[in-house]
Structures are given as structure tokens and as C-alpha cells.
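my_file_2.json follows; it contains JSON, C-alpha atoms and all ligand atoms.
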```json
[["chain", "number", "residue", "atom", "x", "y", "z"],
["S", 1, "MET", "CA", -194.45, -80.47, 36.61],
["S", 2, "GLN", "CA", -195.08, -77.14, 34.81],
["S", 3, "GLN", "CA", -198.77, -76.33, 34.30],
["S", 4, "PRO", "CA", -200.06, -74.13, 31.46],
["S", 5, "SER", "CA", -200.23, -70.55, 32.77],
["S", 6, "SER", "CA", -203.96, -70.34, 32.01],
["S", 7, "LEU", "CA", -204.51, -73.11, 34.53],
["S", 8, "THR", "CA", -202.81, -71.68, 37.60],
["S", 9, "ILE", "CA", -204.59, -72.55, 40.83],
["S", 10, "PRO", "CA", -206.36, -69.51, 42.29],
["S", 11, "THR", "CA", -205.44, -68.69, 45.88],
["S", 12, "ASP", "CA", -208.50, -66.70, 46.85],
["S", 13, "GLN", "CA", -211.44, -68.71, 45.61],
["S", 14, "ALA", "CA", -213.07, -72.10, 45.72],
["S", 15, "LEU", "CA", -211.05, -74.91, 44.11],
["S", 16, "LEU", "CA", -214.38, -76.42, 43.20],
["S", 17, "SER", "CA", -217.72, -74.73, 42.63],
["S", 18, "ALA", "CA", -220.75, -76.75, 41.59],
["S", 19, "ARG", "CA", -223.78, -74.81, 40.41],
["S", 20, "GLY", "CA", -227.19, -76.21, 39.57],
["S", 21, "ILE", "CA", -225.91, -79.79, 39.27],
["S", 22, "THR", "CA", -228.66, -82.12, 38.09],
["S", 23, "VAL", "CA", -228.09, -85.86, 37.69],
["S", 24, "GLY", "CA", -230.57, -88.66, 37.13],
["S", 25, "PHE", "CA", -230.71, -92.27, 36.03],
["S", 26, "GLY", "CA", -233.64, -93.04, 33.75],
["S", 27, "SER", "CA", -236.63, -91.21, 35.18],
["S", 28, "LYS", "CA", -235.10, -91.07, 38.68],
["S", 29, "LEU", "CA", -233.57, -87.72, 39.61],
["S", 30, "ILE", "CA", -230.81, -88.03, 42.22],
["S", 31, "LEU", "CA", -229.42, -84.46, 42.31],
["S", 32, "ASP", "CA", -231.54, -81.50, 41.29],
["S", 33, "GLY", "CA", -229.95, -78.05, 41.07],
["S", 34, "LEU", "CA", -227.24, -78.74, 43.65],
["S", 35, "ASP", "CA", -224.80, -75.94, 44.59],
["S", 36, "LEU", "CA", -221.57, -76.53, 46.50],
["S", 37, "ASP", "CA", -218.18, -74.86, 47.04],
["S", 38, "VAL", "CA", -214.97, -76.46, 48.26],
["S", 39, "PHE", "CA", -212.45, -73.89, 49.42],
["S", 40, "ARG", "CA", -208.71, -74.15, 49.11],
["S", 41, "GLY", "CA", -207.07, -75.88, 52.07],
["S", 42, "GLU", "CA", -210.24, -77.05, 53.79],
["S", 43, "VAL", "CA", -211.42, -80.53, 54.72],
["S", 44, "LEU", "CA", -215.08, -80.57, 53.69],
["S", 45, "GLY", "CA", -217.22, -83.39, 55.04],
["S", 46, "VAL", "CA", -220.21, -84.43, 52.92],
["S", 47, "VAL", "CA", -222.99, -86.19, 54.80],
["S", 48, "GLY", "CA", -226.52, -87.30, 54.09],
["S", 49, "ALA", "CA", -228.78, -90.29, 54.59],
["S", 50, "SER", "CA", -227.95, -93.45, 52.65],
["S", 51, "GLY", "CA", -228.91, -93.12, 49.01],
["S", 52, "THR", "CA", -229.09, -89.30, 48.97],
["S", 53, "GLY", "CA", -226.48, -89.15, 46.22],
["S", 54, "LYS", "CA", -223.15, -88.43, 47.94],
["S", 55, "SER", "CA", -221.22, -90.90, 45.80],
["S", 56, "VAL", "CA", -223.16, -89.82, 42.72],
["S", 57, "LEU", "CA", -222.07, -86.23, 43.41],
["S", 58, "LEU", "CA", -218.45, -87.29, 43.83],
["S", 59, "ARG", "CA", -218.53, -89.34, 40.64],
["S", 60, "THR", "CA", -220.22, -86.48, 38.77],
["S", 61, "ILE", "CA", -217.51, -84.02, 39.81],
["S", 62, "LEU", "CA", -214.91, -86.52, 38.58],
["S", 63, "GLY", "CA", -216.74, -86.85, 35.26],
["S", 64, "LEU", "CA", -217.74, -90.49, 35.86],
["S", 65, "ASN", "CA", -221.48, -89.67, 35.87],
["S", 66, "LYS", "CA", -223.14, -87.51, 33.27],
["S", 67, "ARG", "CA", -224.69, -84.19, 34.33],
["S", 68, "GLN", "CA", -228.10, -83.37, 32.91],
["S", 69, "ALA", "CA", -227.59, -79.73, 33.86],
["S", 70, "GLY", "CA", -225.29, -77.51, 35.86],
["S", 71, "GLN", "CA", -221.85, -76.03, 35.82],
["S", 72, "LEU", "CA", -218.64, -77.31, 37.38],
["S", 73, "ILE", "CA", -215.89, -74.79, 38.02],
["S", 74, "LEU", "CA", -212.67, -76.65, 38.80],
["S", 75, "PHE", "CA", -209.59, -74.64, 39.83],
["S", 76, "GLY", "CA", -211.30, -71.52, 38.51],
["S", 77, "HIS", "CA", -212.13, -73.00, 35.10],
["S", 78, "ASP", "CA", -215.48, -74.06, 33.69],
["S", 79, "LYS", "CA", -215.03, -77.77, 33.03],
["S", 80, "ASP", "CA", -217.22, -77.63, 29.94],
["S", 81, "GLN", "CA", -215.10, -74.90, 28.35],
["S", 82, "LEU", "CA", -211.77, -76.72, 28.66],
["S", 83, "GLY", "CA", -209.99, -78.29, 25.75],
["S", 84, "ALA", "CA", -208.75, -81.89, 25.93],
["S", 85, "LYS", "CA", -205.25, -80.94, 27.15],
["S", 86, "GLU", "CA", -206.61, -78.66, 29.84],
["S", 87, "GLN", "CA", -209.07, -81.34, 30.97],
["S", 88, "ILE", "CA", -206.14, -83.70, 31.49],
["S", 89, "SER", "CA", -204.24, -81.02, 33.39],
["S", 90, "ILE", "CA", -207.25, -80.59, 35.70],
["S", 91, "GLU", "CA", -207.73, -84.35, 36.11],
["S", 92, "LYS", "CA", -204.10, -84.68, 37.24],
["S", 93, "ARG", "CA", -204.74, -82.26, 40.10],
["S", 94, "MET", "CA", -207.47, -84.46, 41.57],
["S", 95, "GLY", "CA", -206.97, -87.74, 43.42],
["S", 96, "VAL", "CA", -209.67, -90.13, 44.55],
["S", 97, "LEU", "CA", -210.03, -92.84, 47.14],
["S", 98, "PHE", "CA", -213.14, -94.80, 46.19],
["S", 99, "GLN", "CA", -215.37, -96.55, 48.68],
["S", 100, "HIS", "CA", -213.72, -99.87, 49.74],
["S", 101, "GLY", "CA", -210.42, -98.76, 48.18],
["S", 102, "ALA", "CA", -211.09, -100.15, 44.69],
["S", 103, "LEU", "CA", -207.53, -101.41, 44.29],
["S", 104, "PHE", "CA", -206.80, -103.70, 41.34],
["S", 105, "SER", "CA", -206.62, -107.17, 42.91],
["S", 106, "SER", "CA", -204.14, -108.50, 40.34],
["S", 107, "LEU", "CA", -201.64, -105.69, 40.99],
["S", 108, "THR", "CA", -199.34, -105.15, 43.96],
["S", 109, "VAL", "CA", -199.63, -101.99, 46.06],
["S", 110, "LEU", "CA", -196.67, -100.51, 44.18],
["S", 111, "GLN", "CA", -198.25, -101.31, 40.82],
["S", 112, "ASN", "CA", -201.63, -99.92, 41.94],
["S", 113, "ILE", "CA", -199.99, -96.61, 42.87],
["S", 114, "GLN", "CA", -198.30, -96.53, 39.48],
["S", 115, "VAL", "CA", -201.58, -96.89, 37.54],
["S", 116, "PRO", "CA", -202.27, -93.11, 37.45],
["S", 117, "MET", "CA", -198.58, -92.45, 36.78],
["S", 118, "ARG", "CA", -198.69, -94.71, 33.73],
["S", 119, "GLU", "CA", -201.94, -93.09, 32.57],
["S", 120, "TYR", "CA", -200.82, -89.48, 32.87],
["S", 121, "LEU", "CA", -197.01, -89.35, 33.02],
["S", 122, "SER", "CA", -194.23, -90.69, 30.94],
["S", 123, "LEU", "CA", -191.55, -91.65, 33.43],
["S", 124, "PRO", "CA", -188.84, -94.29, 33.58],
["S", 125, "GLN", "CA", -189.75, -97.34, 35.68],
["S", 126, "ARG", "CA", -187.01, -96.61, 38.25],
["S", 127, "LEU", "CA", -188.39, -93.14, 38.93],
["S", 128, "MET", "CA", -191.95, -94.48, 39.17],
["S", 129, "ASP", "CA", -190.72, -97.06, 41.69],
["S", 130, "GLU", "CA", -189.07, -94.33, 43.78],
["S", 131, "LEU", "CA", -192.19, -92.15, 43.62],
["S", 132, "ALA", "CA", -194.49, -95.04, 44.57],
["S", 133, "ILE", "CA", -192.26, -95.95, 47.54],
["S", 134, "SER", "CA", -192.35, -92.34, 48.72],
["S", 135, "LYS", "CA", -196.20, -92.39, 48.61],
["S", 136, "ILE", "CA", -196.20, -95.66, 50.56],
["S", 137, "GLU", "CA", -194.07, -94.02, 53.27],
["S", 138, "MET", "CA", -196.23, -90.88, 53.18],
["S", 139, "VAL", "CA", -199.37, -92.83, 54.12],
["S", 140, "GLY", "CA", -197.62, -94.69, 56.93],
["S", 141, "LEU", "CA", -197.32, -98.13, 55.32],
["S", 142, "LYS", "CA", -194.18, -100.18, 55.84],
["S", 143, "PRO", "CA", -191.94, -100.52, 52.75],
["S", 144, "ASP", "CA", -192.69, -104.27, 52.52],
["S", 145, "ALA", "CA", -196.33, -103.42, 51.73],
["S", 146, "ALA", "CA", -195.14, -102.35, 48.27],
["S", 147, "HIS", "CA", -194.98, -105.89, 46.93],
["S", 148, "LYS", "CA", -198.14, -107.20, 48.58],
["S", 149, "TYR", "CA", -201.41, -107.81, 46.78],
["S", 150, "PRO", "CA", -204.66, -106.27, 48.10],
["S", 151, "SER", "CA", -205.81, -109.69, 49.36],
["S", 152, "GLU", "CA", -202.77, -109.75, 51.68],
["S", 153, "LEU", "CA", -203.64, -106.41, 53.32],
["S", 154, "SER", "CA", -205.81, -105.54, 56.32],
["S", 155, "GLY", "CA", -208.74, -103.14, 55.87],
["S", 156, "GLY", "CA", -206.70, -100.26, 57.26],
["S", 157, "MET", "CA", -203.77, -101.05, 54.97],
["S", 158, "ILE", "CA", -206.10, -101.15, 51.95],
["S", 159, "LYS", "CA", -207.39, -97.65, 52.79],
["S", 160, "ARG", "CA", -203.83, -96.37, 53.14],
["S", 161, "ALA", "CA", -202.74, -98.02, 49.88],
["S", 162, "ALA", "CA", -205.75, -96.50, 48.13],
["S", 163, "LEU", "CA", -204.84, -93.12, 49.59],
["S", 164, "ALA", "CA", -201.28, -93.56, 48.33],
["S", 165, "ARG", "CA", -202.71, -94.17, 44.86],
["S", 166, "ALA", "CA", -204.92, -91.07, 45.22],
["S", 167, "LEU", "CA", -201.75, -89.08, 45.97],
["S", 168, "ALA", "CA", -199.77, -90.59, 43.08],
["S", 169, "LEU", "CA", -199.87, -87.44, 40.94],
["S", 170, "ASP", "CA", -199.43, -84.95, 43.82],
["S", 171, "PRO", "CA", -203.00, -83.68, 43.56],
["S", 172, "ALA", "CA", -204.25, -80.40, 45.06],
["S", 173, "LEU", "CA", -207.75, -81.74, 45.66],
["S", 174, "VAL", "CA", -208.48, -85.20, 47.04],
["S", 175, "PHE", "CA", -211.85, -86.94, 47.10],
["S", 176, "LEU", "CA", -212.38, -89.57, 49.77],
["S", 177, "ASP", "CA", -215.49, -91.76, 49.71],
["S", 178, "GLU", "CA", -216.13, -93.12, 53.20],
["S", 179, "PRO", "CA", -212.42, -93.54, 53.99],
["S", 180, "THR", "CA", -212.94, -94.80, 57.55],
["S", 181, "SER", "CA", -215.81, -97.21, 56.89],
["S", 182, "GLY", "CA", -214.97, -100.68, 58.12],
["S", 183, "LEU", "CA", -212.05, -99.51, 60.26],
["S", 184, "ASP", "CA", -211.95, -100.00, 64.01],
["S", 185, "PRO", "CA", -212.16, -96.75, 66.05],
["S", 186, "ILE", "CA", -208.39, -96.57, 66.56],
["S", 187, "GLY", "CA", -207.68, -97.24, 62.88],
["S", 188, "ALA", "CA", -210.30, -94.66, 61.90],
["S", 189, "ALA", "CA", -208.83, -92.03, 64.26],
["S", 190, "ASP", "CA", -205.35, -92.76, 62.89],
["S", 191, "PHE", "CA", -206.68, -92.29, 59.36],
["S", 192, "ASP", "CA", -208.26, -88.94, 60.32],
["S", 193, "ASP", "CA", -204.90, -87.86, 61.79],
["S", 194, "LEU", "CA", -203.18, -88.92, 58.58],
["S", 195, "ILE", "CA", -205.57, -86.78, 56.51],
["S", 196, "LEU", "CA", -204.89, -83.76, 58.72],
["S", 197, "THR", "CA", -201.13, -84.34, 58.59],
["S", 198, "LEU", "CA", -201.19, -84.59, 54.80],
["S", 199, "ARG", "CA", -203.40, -81.52, 54.53],
["S", 200, "LYS", "CA", -200.83, -79.60, 56.54],
["S", 201, "SER", "CA", -197.71, -80.96, 54.87],
["S", 202, "LEU", "CA", -199.00, -81.06, 51.28],
["S", 203, "GLY", "CA", -201.53, -78.21, 51.44],
["S", 204, "LEU", "CA", -204.27, -80.60, 50.32],
["S", 205, "THR", "CA", -207.91, -79.66, 49.94],
["S", 206, "VAL", "CA", -210.16, -82.58, 50.87],
["S", 207, "PHE", "CA", -213.71, -83.53, 49.87],
["S", 208, "MET", "CA", -214.70, -86.36, 52.18],
["S", 209, "VAL", "CA", -217.95, -88.32, 52.02],
["S", 210, "THR", "CA", -218.45, -89.88, 55.43],
["S", 211, "HIS", "CA", -220.96, -91.25, 57.92],
["S", 212, "ASP", "CA", -218.33, -91.20, 60.64],
["S", 213, "LEU", "CA", -219.24, -88.67, 63.34],
["S", 214, "ASP", "CA", -215.73, -88.87, 64.80],
["S", 215, "SER", "CA", -214.26, -87.86, 61.44],
["S", 216, "LEU", "CA", -216.73, -85.00, 61.13],
["S", 217, "TYR", "CA", -215.79, -83.67, 64.56],
["S", 218, "ASN", "CA", -212.07, -84.30, 64.38],
["S", 219, "ALA", "CA", -211.06, -83.87, 60.75],
["S", 220, "CYS", "CA", -213.57, -81.60, 58.99],
["S", 221, "ASP", "CA", -213.48, -77.80, 58.93],
["S", 222, "ARG", "CA", -216.92, -77.63, 57.36],
["S", 223, "VAL", "CA", -219.68, -80.06, 56.60],
["S", 224, "ALA", "CA", -222.20, -80.03, 53.73],
["S", 225, "VAL", "CA", -225.49, -81.86, 54.26],
["S", 226, "LEU", "CA", -227.16, -83.50, 51.27],
["S", 227, "SER", "CA", -230.92, -83.87, 51.41],
["S", 228, "ASP", "CA", -233.81, -83.53, 48.99],
["S", 229, "LYS", "CA", -231.41, -83.77, 46.01],
["S", 230, "LYS", "CA", -229.50, -80.65, 47.08],
["S", 231, "VAL", "CA", -227.02, -79.32, 49.61],
["S", 232, "LEU", "CA", -229.48, -78.46, 52.33],
["S", 233, "THR", "CA", -226.94, -76.50, 54.37],
["S", 234, "SER", "CA", -223.23, -76.30, 55.09],
["S", 235, "GLY", "CA", -221.19, -74.97, 57.96],
["S", 236, "THR", "CA", -219.05, -75.89, 60.92],
["S", 237, "MET", "CA", -220.24, -78.63, 63.24],
["S", 238, "THR", "CA", -221.19, -75.94, 65.76],
["S", 239, "GLN", "CA", -223.31, -74.14, 63.15],
["S", 240, "LEU", "CA", -224.98, -77.38, 62.06],
["S", 241, "GLN", "CA", -225.99, -78.17, 65.62],
["S", 242, "THR", "CA", -228.41, -75.25, 65.56],
["S", 243, "PHE", "CA", -229.77, -75.86, 62.06],
["S", 244, "ASP", "CA", -233.51, -76.41, 62.20],
["S", 245, "HIS", "CA", -234.25, -79.50, 60.11],
["S", 246, "PRO", "CA", -235.49, -82.85, 61.45],
["S", 247, "TRP", "CA", -232.80, -85.02, 59.81],
["S", 248, "VAL", "CA", -229.99, -82.60, 60.65],
["S", 249, "LYS", "CA", -231.18, -82.35, 64.27],
["S", 250, "ARG", "CA", -231.36, -86.13, 64.60],
["S", 251, "TYR", "CA", -227.96, -86.60, 62.96],
["S", 252, "PHE", "CA", -226.03, -83.89, 64.77],
["S", 253, "CYS", "CA", -227.92, -83.77, 68.08],
["S", 254, "GLY", "CA", -228.87, -87.46, 68.43],
["S", 255, "THR", "CA", -227.45, -89.64, 71.18],
["S", 256, "ARG", "CA", -224.40, -90.63, 69.14],
["S", 257, "ALA", "CA", -223.55, -87.00, 68.40],
["S", 258, "VAL", "CA", -224.17, -85.82, 71.95],
["S", 259, "ARG", "CA", -221.62, -88.37, 73.13],
["S", 260, "GLN", "CA", -219.05, -86.61, 70.91],
["S", 261, "TRP", "CA", -219.85, -83.19, 72.29],
["S", 262, "ASP", "CA", -219.68, -84.46, 75.86],
["S", 263, "GLY", "CA", -216.15, -85.57, 75.13],
["S", 264, "SER", "CA", -215.00, -82.48, 73.30],
["S", 265, "GLU", "CA", -216.55, -79.58, 75.16],
["S", 301, "LIG", "N1", -225.16, -95.94, 37.82],
["S", 301, "LIG", "C1", -226.34, -95.84, 38.45],
["S", 301, "LIG", "N2", -227.48, -96.23, 37.84],
["S", 301, "LIG", "C2", -228.68, -96.13, 38.46],
["S", 301, "LIG", "N3", -228.85, -95.66, 39.71],
["S", 301, "LIG", "C3", -227.75, -95.27, 40.37],
["S", 301, "LIG", "C4", -226.45, -95.34, 39.79],
["S", 301, "LIG", "N4", -225.54, -94.87, 40.70],
["S", 301, "LIG", "C5", -226.26, -94.53, 41.79],
["S", 301, "LIG", "N5", -227.57, -94.77, 41.59],
["S", 301, "LIG", "C6", -228.64, -94.49, 42.55],
["S", 301, "LIG", "O1", -228.48, -93.17, 43.04],
["S", 301, "LIG", "C7", -228.88, -93.09, 44.40],
["S", 301, "LIG", "C8", -227.78, -92.45, 45.22],
["S", 301, "LIG", "O2", -226.68, -93.35, 45.29],
["S", 301, "LIG", "P1", -225.34, -92.97, 46.05],
["S", 301, "LIG", "O3", -224.45, -94.19, 45.94],
["S", 301, "LIG", "O4", -224.80, -91.70, 45.56],
["S", 301, "LIG", "O5", -225.85, -92.79, 47.53],
["S", 301, "LIG", "P2", -225.01, -92.38, 48.81],
["S", 301, "LIG", "O6", -225.61, -91.14, 49.36],
["S", 301, "LIG", "O7", -223.56, -92.35, 48.48],
["S", 301, "LIG", "O8", -225.37, -93.61, 49.77],
["S", 301, "LIG", "P3", -224.51, -94.38, 50.90],
["S", 301, "LIG", "O9", -224.38, -93.42, 52.03],
["S", 301, "LIG", "O10", -225.38, -95.55, 51.24],
["S", 301, "LIG", "O11", -223.19, -94.79, 50.28],
["S", 301, "LIG", "C9", -229.23, -94.51, 44.83],
["S", 301, "LIG", "O12", -230.64, -94.65, 44.76],
["S", 301, "LIG", "C10", -228.56, -95.38, 43.79],
["S", 301, "LIG", "O13", -229.26, -96.57, 43.60]]
```

Output the file's structure in the form of C-alpha cells.
Ligand SMILES: Nc1ncnc2c1ncn2[C@@H]1O[C@H](COP(=O)(O)OP(=O)(O)OP(=O)(O)O)[C@@H](O)[C@H]1O
Amino acid sequence: MQQPSSLTIPTDQALLSARGITVGFGSKLILDGLDLDVFRGEVLGVVGASGTGKSVLLRTILGLNKRQAGQLILFGHDKDQLGAKEQISIEKRMGVLFQHGALFSSLTVLQNIQVPMREYLSLPQRLMDELAISKIEMVGLKPDAAHKYPSELSGGMIKRAALARALALDPALVFLDEPTSGLDPIGAADFDDLILTLRKSLGLTVFMVTHDLDSLYNACDRVAVLSDKKVLTSGTMTQLQTFDHPWVKRYFCGTRAVRQWDGSE
């Protein structure tokens, strides 16, 4: 689909830059002056203790939570300066897999994938069916999954169906909120492989909130650590191993993490 020329995707800069993001609920501040960049083509892992605001950050970037302050540059454009049409054009370039999948229980997998298509595109049903089937194949689900309801799917199938929905509009930037939570280690590793395959074949940029050390080691190019309402640091897993902060040391050099390094180095 042709995009307005003013909204071409830059090749040499961050697809997403957050500057000074501040978000609170009532008197409780969750994010306070947070800065973060997501670069084109990378898989960025976002980690932090439970309740540090990872999902709040994701929802804020998507416009689902209100910012009290800060600037969001999406695809090189200040979100607050965009007109309604340009906002929609930006929204179409972003896909999201919410925690637990968040599929509509009354819709089949095929119909779930078509929800964003119906919202943003005006296509004949036959074409939407073909597109949805192609997304189902892309995420490694069997064609018969198309007509199943979420209650008929395994946890791994739900994640894949939710990913297919996130890919419905051929986004450039995909947000994944704990995509491997609840999956067995083999299912989780398969999902990581799928992310890397899709990144390669579709040129996706991925923002992935995760607690899964395996995913961080195997799928992420860079990891951003949320703490004290900000991004405390970001870097490769090797760089984070030497970062001097009690939580970061415990997280990346604790017994669970050491087990990973033993296996990979
Ligand atoms: N709509 C809301 N209203 C009030 N408080 C909220 C709202 N959304 C999130 N919070 C609060 O913001 C804080 C951060 O929540 P968030 O879900 O972002 O944490 P998280 O880092 O993703 O945690 P986890 O790793 O456990 O998923 C929590 O204290 C949560 O209760």
C-alpha cells in the first residue's frame, strides 16, 4: 500500500525514539523521564522487575496510556505533530501481541486476524480470507487453525495466532508483551526461532517485553533494563553482564543466567 511521501521510513535512524516519557496513574508515577531508542531491524528485549512499567511503556508508545510529558518519535515523526491521517498511517505500521494473546474469544482465528484489516483497510472478504490464511501459514499454524476459536487452541497456538494478528497489516515494528510466558521450553524456543525467521524474511523490528532469559540470549540483539521509572541501561547481553547495579547483576549474573552462559560460551 502506498504511503504518503512525508511518512517514508528512515533507513539510518531509530524507528522509535522515546524522550522524557512520564506516565502516572493518580498520584503514582510509573515512568519518569524515560528515554529509549529502537533501531531499524533489531530485536530489542525490554526487561525489569515485575511492576516496573514495561507494559505501561508499551501501551504508552501505542497510545493506549496517556503521557504526562515526553516526546515520541515514530518512524522519524513526532507523534504529537501528526495529523489524523498520518497517525493512522503510523498506527498501521505497528503490530502488537498483547500479554496472554488477547484474542477475541467469540471470533475464530481467521476472524481475529481480520480485525485490524477491517479497522484499517477496505478489502473484499475473499482477499481478506487469503491474507489471513497467509499470516496463519507464516506463523507456522496449520490451515485448519483458521476456523478454530481461541478456547480450542493450545497456549502455543494462541501466541502464534496473536502474532498472526499482529502481522495482519504487514507492520515494520512489532511489539510483543511476554510472548513466551506460559510456553514450555521447546515451545518458547520455537517461538524465538519464529521471531528471528520473521525478522529476517520480513525485515521486522521487534520490541519485546520478556522475563525469559533464553529469549534474551537467543533472540535479542540488545536489551533495555527498566528500573527506577527509567531505562537504567541498554546494551548487548555481554555488555549488561558487566553493568554495575545490584538488580542487573542479580538478573544477568544470577544462577539462572550463569546456566545460560555455561551453555553458550
Ligand atoms: N491503568 C492503570 N491504572 C492504574 N495503575 C496501573 C494501570 N496500568 C498499570 N498500572 C500500574 O503500573 C505499574 C506497572 O505496571 P506494568 O503492568 O507496566 O508492570 P510490568 O513491568 O509490565 O510488570 P510484569 O513484569 O509483572 O508484567 C503497576 O504498579 C501497575 O499496577

Task: Cut-off 9 Å, only C-alpha atoms and all ligand atoms, neighbours of ligand LIG 301 (chain S) as an MDAnalysis selection string - done: chainID S and resid 24:26 28:31 47:59 65 99 177:178 209:211 226

- [ ] Choose the residue, out of S:Thr180, S:Asn218, S:Gln81, S:Gln111, that has the smallest atom-to-atom separation from Leu97 (chain S); count only C-alpha atoms.
- [x] S:Thr180

Open item on the list: Which polymer residues, whether protein, DNA or RNA, lie within 12 Å of the coordinate (-208.9, -89.3, 43.4) when you count all atoms listed in the file? List them as a PyMOL selection string, using the chain letters and numbers from the file.
Closed with: chain S and resi 58-59+61-64+90-99+101-102+113+116+162-177+179+205-208

Task: Counting only C-alpha atoms, the option among S:Leu204, S:Arg222, S:Arg126, S:Glu86 closest to Leu15 (chain S) - done: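 Distance minimum relative to Leu15 (chain S) lands on S:Leu204.
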
Open item on the list: So that I can see what lies close to region 158-161 of chain S, please list as an NGL selection string the residues with an atom at most 12 Å from it, counting all atoms listed in the file and leaving out residues fewer than 4 positions away in the same chain.
Closed with: :S and (96-105 or 107-114 or 132-143 or 145-154 or 165-168 or 176-183 or 187-188 or 190-192 or 194-195)

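CA of Leu240 (chain S) to CA of Ala18 (chain S) spans 20.9 Å [interatomic distance, one decimal].
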
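For the residues S:Gln13, S:Thr22, S:Ser106, S:Ser122, ranking by smallest atom-to-atom distance to Leu74 (chain S) using only C-alpha atoms places S:Gln13 first.
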
- [ ] Quote the spacing between CA of Ile88 (chain S) and CA of Gly76 (chain S) in Å to one decimal place.
- [x]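 Computed distance, CA of Ile88 (chain S) to CA of Gly76 (chain S), equals 15.0 Å.
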
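What separates CA of Lys66 (chain S) from CA of Val23 (chain S) is a distance of 6.8 Å.
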
At the level of N, CA and C atoms, write region 201-222 of chain S to a file as a compact mmCIF listing (two decimals), in the first residue's frame, please.
```
# COMPACT_ATOMS: atom_id res chain seq x y z
N SER S 201 13.00 -12.55 7.24
CA SER S 201 12.24 -12.59 5.98
C SER S 201 11.42 -11.32 5.75
N LEU S 202 10.93 -10.70 6.82
CA LEU S 202 10.07 -9.53 6.64
C LEU S 202 10.79 -8.22 6.98
N GLY S 203 12.02 -8.32 7.49
CA GLY S 203 12.75 -7.11 7.88
C GLY S 203 12.13 -6.42 9.08
N LEU S 204 11.51 -7.22 9.96
CA LEU S 204 10.81 -6.64 11.11
C LEU S 204 11.77 -6.03 12.12
N THR S 205 11.30 -5.02 12.81
CA THR S 205 11.95 -4.51 14.01
C THR S 205 11.06 -4.94 15.17
N VAL S 206 11.68 -5.42 16.25
CA VAL S 206 10.88 -6.03 17.32
C VAL S 206 11.20 -5.40 18.68
N PHE S 207 10.14 -5.03 19.38
CA PHE S 207 10.22 -4.53 20.77
C PHE S 207 9.58 -5.62 21.62
N MET S 208 10.38 -6.31 22.41
CA MET S 208 9.87 -7.49 23.11
C MET S 208 10.04 -7.38 24.62
N VAL S 209 8.93 -7.23 25.34
CA VAL S 209 8.97 -7.29 26.79
C VAL S 209 9.06 -8.76 27.17
N THR S 210 10.03 -9.10 28.00
CA THR S 210 10.16 -10.52 28.38
C THR S 210 10.86 -10.69 29.71
N HIS S 211 10.54 -11.81 30.38
CA HIS S 211 11.28 -12.22 31.57
C HIS S 211 12.12 -13.45 31.23
N ASP S 212 12.04 -13.87 29.98
CA ASP S 212 12.59 -15.16 29.58
C ASP S 212 14.07 -15.02 29.20
N LEU S 213 14.94 -15.52 30.08
CA LEU S 213 16.38 -15.39 29.85
C LEU S 213 16.80 -16.07 28.54
N ASP S 214 16.17 -17.19 28.23
CA ASP S 214 16.50 -17.86 26.96
C ASP S 214 16.24 -16.94 25.78
N SER S 215 15.09 -16.27 25.80
CA SER S 215 14.75 -15.34 24.71
C SER S 215 15.76 -14.21 24.64
N LEU S 216 16.16 -13.71 25.81
CA LEU S 216 17.12 -12.60 25.82
C LEU S 216 18.44 -13.02 25.18
N TYR S 217 18.88 -14.24 25.52
CA TYR S 217 20.16 -14.72 24.98
C TYR S 217 20.04 -15.09 23.50
N ASN S 218 18.93 -15.71 23.16
CA ASN S 218 18.85 -16.30 21.81
C ASN S 218 18.23 -15.38 20.76
N ALA S 219 17.35 -14.48 21.18
CA ALA S 219 16.59 -13.74 20.16
C ALA S 219 16.90 -12.24 20.14
N CYS S 220 17.46 -11.71 21.24
CA CYS S 220 17.59 -10.24 21.31
C CYS S 220 18.98 -9.75 20.91
N ASP S 221 19.02 -8.71 20.10
CA ASP S 221 20.29 -8.07 19.75
C ASP S 221 20.76 -7.18 20.89
N ARG S 222 19.79 -6.55 21.56
CA ARG S 222 20.07 -5.57 22.58
C ARG S 222 18.97 -5.68 23.62
```
